[in-house]
Each structure stands twice: as C-alpha cells, then as structure tokens.
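What follows is a short report on a single structure.
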Number of protein chains: 2
Amino acid sequence: MKKKPEVTAQTRQNLIDAFWTLYCEKRIEKITIKEITQKAGYNRGTFYEYFTDVYDVLESIESSLIPTLDELPPVSTTTGTLGMPLDMFLKLYKQNNQYYSVLLGDNGDPAFASKLKNSIKPTIMEVFVGKNDVNQKELDYILEYTLSAMIGIMSYWFKQQTDDITSDKLFELIYRLMEQGVMKQLPFMSSEKV
Amino acid sequence: MKKKPEVTAQTRQNLIDAFWTLYCEKRIEKITIKEITQKAGYNRGTFYEYFTDVYDVLESIESSLIPTLDELPPVSTTTGTLGMPLDMFLKLYKQNNQYYSVLLGDNGDPAFASKLKNSIKPTIMEVFVGKNDVNQKELDYILEYTLSAMIGIMSYWFKQQTDDITSDKLFELIYRLMEQGVMKQLPFMSSEKV
DNA sequence: TATAACTATACAACATGTCGTCTTACTGAA
DNA sequence: TTCAGTAAGACGACATGTTGTATAGTTATA
C-alpha cells in the first residue's frame with residue numbers, strides 16, 4: 001500500500017501546532033509530550049513516530065523559519081544597498097511575525113537569533129566580495145552589529161505593541177539610525193529634533 | 001541557636017559554582033539537581049534547602065549580575081554623553097566577562113539581555129528627562145537599538161576570540177558605528193575607507 | 001485483505017519534590 | 001570545665017510523574 005503523506009503531514013502539523021500553542025505560553029522545559037499529544041488529540045506513543053523529543057519539534061519549526069540562500073531576495077548592488085539588510089530582515093520578520101516574536105523573545109531560543117543572523121550575512125557579504133577595499137572581518141562585525149540591533153528593536157517593538165508607535169515610524173527610525181548613527185538622534189549632540 | 005551564615009553561604013556558593021560549571025557546558029534543561037549536588041559534594045536533598053529548583057539558581061546568579069541603579073556609574077551630562085551607554089555597558093561586560101558571555105550566548109538566557117537593557121536604560125534616560133525636545137518613546141527605542149547592537153557585537157566578538165580583532169579595534173568600530181551610522185562604513189555608500 | 005496510521009497498555013529508568021531522621025557543634029547550666 | 005539539650009545542616013528514602021520503547025490490537029482505505 002502507498003504511504004499517505006497527506007495524512008502524516010497533517011498529523012505532523014497538528015503536533016507542531018499543539019507544541020507551538022504550548023511554547024507560546026511557557027518555557028520548553030515545562031512542556032511534556034503528554035500535553036502535546038493530548039492537545040493535538042493523539043496517543044502519546046504517536047508522537048515518537050514523528051519526533052524524537054520535544055526539542056526536535058522546536059528544531060523543526062526553526063529550520064522552516066530560517067531562509068535558505070535561494071529563498072532570500074536577490075541582492076541588487078545598484079539600488080539601496082544600504083537598506084538591504086534592513087529590508088531583508090524586515091521582510092522576514094513580517095512574513096513570520098508570529099513565530100519570530102516568540103523565538104526572539106524572552107522565552108525564546110537564543111540560538112535562533114544566531115541562526116537567523118548567520119543565514120542572512122552571506123547574502124549581504126556577497127555584494128562586497130572581491131572589493132579590495134573591504135575588510136571582510138570588519139564587515140562581519142558591522143553586520144553582526146546591525147542585525148543584532150534590528151532583531152532587538154523589532155522584538156522590543158512587538159512586545160510593546162499596545163499604544164506604541166506605528167511600524168512606519170519604527171522603520172523610519174531604524175533607517176535614520178543606520179544612516180546617521182545614534183548620536184545625531186539625541187539632543188546635546190546636534191540641533192536635529194528627535 | 002544562631003544560624004551559621006559562614007557555613008550556609010559556603011554551601012550555597014558551592015552549589016552555585018557547580019551549577020555554573022554545568023551551565024557553561026550545556027543548556028539548563030539538561031542539568032539535573034543530582035548532577036549539581038554530586039559535583040558540589042552534597043546530598044540531593046540539601047539542594048532544596050537553598051533553592052526551589054534549577055531555575056532558581058540561575059535567577060540568583062543573574063540578579064547578582066544586574067547592576068542596581070546606585071551601582072551604575074553616575075552619568076555626567078557634560079562630557080561624552082554620546083559614549084555613555086557604550087562605556088557603561090562595556091564596563092559591565094568587562095567586569096563580568098565570564099558570566100555575561102555565557103548568559104548572552106547561544107545557550108544563555110534571552111531574558112537576561114532584557115533585564116540588562118532595562119537596568120541600564122533608566123540611568124541614561126535620566127539625562128534627558130525634562131528636556132522638552134526629547135521624545136521619550138523614541139529615545140527608548142533608540143536605546144533598545146543601541147544596547148541590542150552592543151550586546152550582539154560584544155557576544156559575537158567573545159565567541160570568535162581566537163585570531164580575531166583586538167578589543168581596542170572593536171571599541172573603535174563600535175564608536176564609529178554609533179557616531180556615523182552603519183552606511184558610511186560601507187563602500188558604495190561613501191569614499192571613506194572601512 | 002494487506003497495510004498504513006493510530007490506540008492501548010505496559011515497563012524500566014530516571015528526575016523531582018517532600019519528609020522524617022541523623023549528625024554535628026554550639027550553648028548554657030552545673 | 002564539662003556535658004546534656006537543642007537546632008542547623010546534611011542525609012536517605014519515598015511517592016509521584018515523565019520519558020522512551022516495545023508489543024499487541026483497532027480502524028480505515030486502496
């Protein structure tokens with residue numbers, strides 16, 4: 001008999017969804033397989049047909065959220081190279097908003113941020129490859145700096161998301177910070193109004 | 001009978017040290033109380049005289065690493081307000097290097113970064129209080145952006161710490177990024193040599 | 001009717017948290 | 001100075017719950 005991928009795929013997804021609901025509520029260590037399968041409506045043993053343990057589910061989710069090289073938007077060296085990492089990241093964040101905000105949040109997985117950064121970096125690096133006036137190592141640090149800042153501010157914004165600023169204002173602010181640096185945005189430092 | 005703080009303090013510290021050794025090696029979820037007490041040389045039951053569970057130990061360590069308001073260096077509005085958050089953070093990082101690099105690393109605690117940022121923010125905010133041209137909310141986001149970037153780049157640097165750049169070069173780079181932004185550091189964007 | 005998908009049940013191994021017990025050493029009265 | 005009372009601190013053992021695995025049974029479908 002043929003396998004039934006449409007059935008198993010659904011079951012797998014049900015388990016993932018149940019896990020995710022729990023993961024949004026509490027730390028992974030407090031999630032039991034019993035809970036997951038009960039919520040999803042399966043026998044506990046069924047879980048082991050699909051995953052080895054609870055962490056396996058998380059890894060599976062994370063993998064699906066890390067863009068592969070070919071998925072990332074092609075980098076144009078002509079227009080807006082400046083905003084590239086920002087655009088790239090914001091696009092990803094918007095696409096997977098619900099997952100990113102949890103994984104990058106206070107109860108999330110610190111390793112996920114690294115995975116994400118490391119998946120984006122090469123695409124941006126590519127643009128500068130072969131340019132003889134580019135210090136590769138320094139560029140790497142600049143990207144680490146920028147991506148960390150973006151992940152930080154985006155996650156923070158998402159946490160506040162009540163009466164807070166609009167996403168348009170946020171993006172504009174980020175652009176300004178990248179263009180001009182932090183100092184110019186503050187009083188004492190310049191006459192520019194923040 | 002009097003308590004014996006010199007005894008309990010030592011036991012407590014022994015348990016903390018044993019925990020930390022394990023925490024440097026693996027994720028907290030994989031650390032058992034049995035392991036901790038065995039390494040420290042106590043009965044498993046003794047652990048519960050000092051901590052409620054494994055997370056309690058981590059919290060205890062984290063609390064001791066979060067600077068209280070009065071511990072933070074007094075903020076001078078006259079000199080170098082620009083480098084303030086940077087100086088403050090770098091000082092903290094240097095002081096607690098060993099702990100910070102683990103807690104802020106891939107196997108660390110994402111909540112610790114938030115705690116740290118939130119403990120530093122008010123001190124910096126203070127400088128701008130009452131300035132009528134300061135948008136408090138925007139300032140908050142700018143600080144979140146900056147502190148995230150600094151935590152990110154410092155942690156990354158610490159991870160690489162083999163044949164990598166010196167701390168002096170790193171600090172200089174960070175200053176430059178804060179002063180001038182990211183864009184100016186890249187080719188295409190300006191004629192400045194990175 | 002053969003098989004994929006799932007259920008039901010059971011089991012050993014191990015971690016957890018609790019509780020009663022033991023040990024040691026300080027205390028103060030003789 | 002001595003020594004029994006006492007309590008802090010550490011220990012050993014227990015009940016409970018989870019994990020991963022194994023095996024037999026049920027349902028539906030092609």
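Order determines the names: the first chain of the structure tokens is A, the second B, and so forth; residues in each chain are numbered 1 upward, and ligands are numbered 1 upward as they are shown.
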
Counting only C-alpha atoms, what are the residues of chain B within 6 Å of chain A, and for each of them which pair of atoms is the nearest and at what distance in Å, to one decimal? Sort the table by chain and rising number, as JSON lines.
```
{"residue": "B:Glu29", "atom": "CA", "partner": "A:Glu29", "partner_atom": "CA", "distance": 6.0}
{"residue": "B:Leu82", "atom": "CA", "partner": "A:Met183", "partner_atom": "CA", "distance": 5.9}
{"residue": "B:Asp106", "atom": "CA", "partner": "A:Ala111", "partner_atom": "CA", "distance": 4.4}
{"residue": "B:Pro110", "atom": "CA", "partner": "A:Asp106", "partner_atom": "CA", "distance": 5.0}
{"residue": "B:Ala111", "atom": "CA", "partner": "A:Asp106", "partner_atom": "CA", "distance": 4.4}
{"residue": "B:Glu144", "atom": "CA", "partner": "A:Ile153", "partner_atom": "CA", "distance": 5.8}
{"residue": "B:Tyr145", "atom": "CA", "partner": "A:Ala149", "partner_atom": "CA", "distance": 4.8}
{"residue": "B:Ser148", "atom": "CA", "partner": "A:Ala149", "partner_atom": "CA", "distance": 4.9}
{"residue": "B:Ala149", "atom": "CA", "partner": "A:Ala149", "partner_atom": "CA", "distance": 4.1}
{"residue": "B:Gly152", "atom": "CA", "partner": "A:Ser148", "partner_atom": "CA", "distance": 5.2}
{"residue": "B:Ile153", "atom": "CA", "partner": "A:Tyr145", "partner_atom": "CA", "distance": 5.1}
{"residue": "B:Met178", "atom": "CA", "partner": "A:Gly181", "partner_atom": "CA", "distance": 4.8}
{"residue": "B:Glu179", "atom": "CA", "partner": "A:Gly181", "partner_atom": "CA", "distance": 5.2}
{"residue": "B:Gln180", "atom": "CA", "partner": "A:Gly181", "partner_atom": "CA", "distance": 4.6}
{"residue": "B:Gly181", "atom": "CA", "partner": "A:Gly181", "partner_atom": "CA", "distance": 3.3}
{"residue": "B:Val182", "atom": "CA", "partner": "A:Met178", "partner_atom": "CA", "distance": 5.0}
{"residue": "B:Met183", "atom": "CA", "partner": "A:Glu179", "partner_atom": "CA", "distance": 5.4}
```

I need the chosen residues saved as a compact mmCIF listing (two decimals), in the first residue's frame, with N, CA and C atoms.
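Written out: out_32.txt:
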```txt
# COMPACT_ATOMS: atom_id res chain seq x y z
N GLU B 29 18.15 23.00 30.64
CA GLU B 29 17.14 21.93 30.70
C GLU B 29 17.78 20.57 30.89
N LEU B 82 27.54 61.01 24.60
CA LEU B 82 27.39 60.13 23.44
C LEU B 82 27.85 58.71 23.75
N ASP B 106 24.65 31.67 22.95
CA ASP B 106 23.66 30.82 22.32
C ASP B 106 22.96 29.85 23.27
N PRO B 110 17.68 34.32 27.12
CA PRO B 110 17.28 35.53 26.38
C PRO B 110 16.70 36.59 27.30
N ALA B 111 16.13 36.18 28.40
CA ALA B 111 15.54 37.14 29.32
C ALA B 111 16.61 37.99 30.00
N GLU B 144 17.11 50.90 22.99
CA GLU B 144 16.93 49.47 22.74
C GLU B 144 17.77 49.02 21.55
N TYR B 145 17.73 49.85 20.51
CA TYR B 145 18.52 49.59 19.31
C TYR B 145 20.00 49.51 19.64
N SER B 148 20.98 46.61 22.13
CA SER B 148 20.91 45.33 21.43
C SER B 148 22.12 45.14 20.54
N ALA B 149 22.47 46.19 19.84
CA ALA B 149 23.62 46.12 18.94
C ALA B 149 24.89 45.83 19.72
N GLY B 152 24.93 42.34 21.08
CA GLY B 152 25.15 41.43 19.97
C GLY B 152 26.59 41.38 19.52
N ILE B 153 27.18 42.52 19.30
CA ILE B 153 28.54 42.56 18.75
C ILE B 153 29.56 42.11 19.78
N MET B 178 28.31 54.12 16.04
CA MET B 178 27.35 54.94 16.77
C MET B 178 27.38 56.38 16.31
N GLU B 179 28.56 56.84 16.02
CA GLU B 179 28.74 58.24 15.62
C GLU B 179 28.18 58.50 14.24
N GLN B 180 28.52 57.60 13.33
CA GLN B 180 28.26 57.88 11.92
C GLN B 180 27.22 56.98 11.27
N GLY B 181 26.82 55.96 11.99
CA GLY B 181 25.86 55.04 11.41
C GLY B 181 26.55 53.93 10.66
N VAL B 182 25.76 53.04 10.16
CA VAL B 182 26.30 51.85 9.51
C VAL B 182 26.72 52.14 8.07
N MET B 183 25.90 52.95 7.40
CA MET B 183 26.06 53.13 5.96
C MET B 183 27.44 53.66 5.58
```

- Message: Using only C-alpha atoms (C1' of nucleotides), which protein or nucleic acid residues come within 12 Å of segment 13-17 of chain C? Drop anything in the same chain fewer than 2 positions from it, and give the result as a ChimeraX atom specification.
- Response: /B:29-35,44-49,51-54 /C:11,19 /D:14-21

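Every protein or nucleic acid residue with an atom no more than 12 Å from DG9 of chain D, counting only C-alpha atoms (C1' of nucleotides) and leaving out same-chain residues fewer than 6 positions away, appears here: Lys3, Lys4, Pro5, Val7, Thr8, Ala9, Thr11, Arg12, Tyr42, Asn43, Gly45, Thr46, Phe47, Tyr48, Glu49 and Tyr50 of chain B; DC22, DT23, DT24 and DA25 of chain C.
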
Distance table requested - chain C against chain A, cut-off 9 Å, only C-alpha atoms (C1' of nucleotides): one row per qualifying residue with the closest atom pair and its distance in Å to one decimal, ordered by chain and rising residue number, as a tab-separated table.
```
residue	atom	partner	partner_atom	distance
C:DA2	C1'	A:Met1	CA	7.8
C:DT3	C1'	A:Met1	CA	5.9
C:DA4	C1'	A:Lys3	CA	6.4
C:DA5	C1'	A:Thr8	CA	8.0
C:DC6	C1'	A:Thr46	CA	7.0
C:DT7	C1'	A:Asn43	CA	6.4
C:DA8	C1'	A:Asn43	CA	8.7
```

Let me see the file: selected residues, N, CA and C atoms (P, O5', C5', C4', C3', O3' and C1' of nucleotides), as a short mmCIF file (atom, residue, chain, number, x, y, z; two decimals), in the first residue's frame.
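What follows is the written file part_38.cif:
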```cif
data_model
loop_
_atom_site.label_atom_id
_atom_site.label_comp_id
_atom_site.auth_asym_id
_atom_site.auth_seq_id
_atom_site.Cartn_x
_atom_site.Cartn_y
_atom_site.Cartn_z
P DA C 2 -3.90 -11.00 3.15
"O5'" DA C 2 -2.62 -10.05 2.95
"C5'" DA C 2 -2.47 -9.36 1.72
"C4'" DA C 2 -2.10 -7.90 1.96
"C3'" DA C 2 -1.10 -7.66 3.08
"O3'" DA C 2 -0.13 -6.74 2.59
"C1'" DA C 2 -3.00 -6.30 3.41
P DT C 3 1.29 -6.60 3.36
"O5'" DT C 3 1.27 -5.04 3.72
"C5'" DT C 3 0.79 -4.10 2.76
"C4'" DT C 3 0.33 -2.84 3.46
"C3'" DT C 3 1.18 -2.42 4.66
"O3'" DT C 3 1.42 -1.03 4.54
"C1'" DT C 3 -1.08 -2.37 5.24
P DA C 4 2.75 -0.40 5.16
"O5'" DA C 4 2.35 1.15 5.32
"C5'" DA C 4 1.55 1.76 4.33
"C4'" DA C 4 0.62 2.78 4.96
"C3'" DA C 4 1.27 3.65 6.03
"O3'" DA C 4 0.79 4.98 5.90
"C1'" DA C 4 -0.54 2.47 6.99
P DA C 5 1.36 6.12 6.85
"O5'" DA C 5 0.31 6.14 8.05
"C5'" DA C 5 -1.01 6.59 7.79
"C4'" DA C 5 -1.80 6.55 9.08
"C3'" DA C 5 -1.11 7.23 10.28
"O3'" DA C 5 -1.99 8.22 10.78
"C1'" DA C 5 -1.93 5.09 10.88
P DC C 6 -1.49 9.17 11.98
"O5'" DC C 6 -2.12 8.47 13.27
"C5'" DC C 6 -3.52 8.25 13.31
"C4'" DC C 6 -3.83 7.20 14.34
"C3'" DC C 6 -3.38 7.52 15.77
"O3'" DC C 6 -4.52 7.88 16.56
"C1'" DC C 6 -3.12 5.22 15.23
P DT C 7 -4.35 8.15 18.14
"O5'" DT C 7 -4.71 6.74 18.77
"C5'" DT C 7 -5.93 6.11 18.42
"C4'" DT C 7 -6.11 4.86 19.27
"C3'" DT C 7 -5.91 5.08 20.77
"O3'" DT C 7 -7.00 4.47 21.46
"C1'" DT C 7 -4.52 3.32 20.03
P DA C 8 -7.26 4.82 22.99
"O5'" DA C 8 -6.74 3.50 23.71
"C5'" DA C 8 -6.96 2.23 23.12
"C4'" DA C 8 -6.26 1.16 23.93
"C3'" DA C 8 -6.00 1.53 25.40
"O3'" DA C 8 -6.42 0.44 26.21
"C1'" DA C 8 -3.96 0.89 24.35
#
```

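The interatomic distance for the pair atom CA of Ser101 of chain B and atom CA of Glu59 of chain B works out to 16.1 Å.
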
- Any chance you could list, as an MDAnalysis selection string, the residues in chain B that come up alpha helix (DSSP H) when DSSP is run on the backbone? chainID B and resid 5:25 33:40 44:50 54:65 84:95 97:103 110:128 136:160 167:180

Which residues of chain D sit at most 10 Å from chain B, using only C-alpha atoms (C1' of nucleotides)? Give each one's shortest atom pair and distance in Å (one decimal place), in chain and ascending residue order, as a tab-separated table.
```
residue	atom	partner	partner_atom	distance
D:DT6	C1'	B:Met1	CA	7.7
D:DA7	C1'	B:Met1	CA	6.2
D:DA8	C1'	B:Lys3	CA	6.7
D:DG9	C1'	B:Thr8	CA	8.2
D:DA10	C1'	B:Thr46	CA	6.2
D:DC11	C1'	B:Asn43	CA	6.2
D:DG12	C1'	B:Asn43	CA	8.9
```
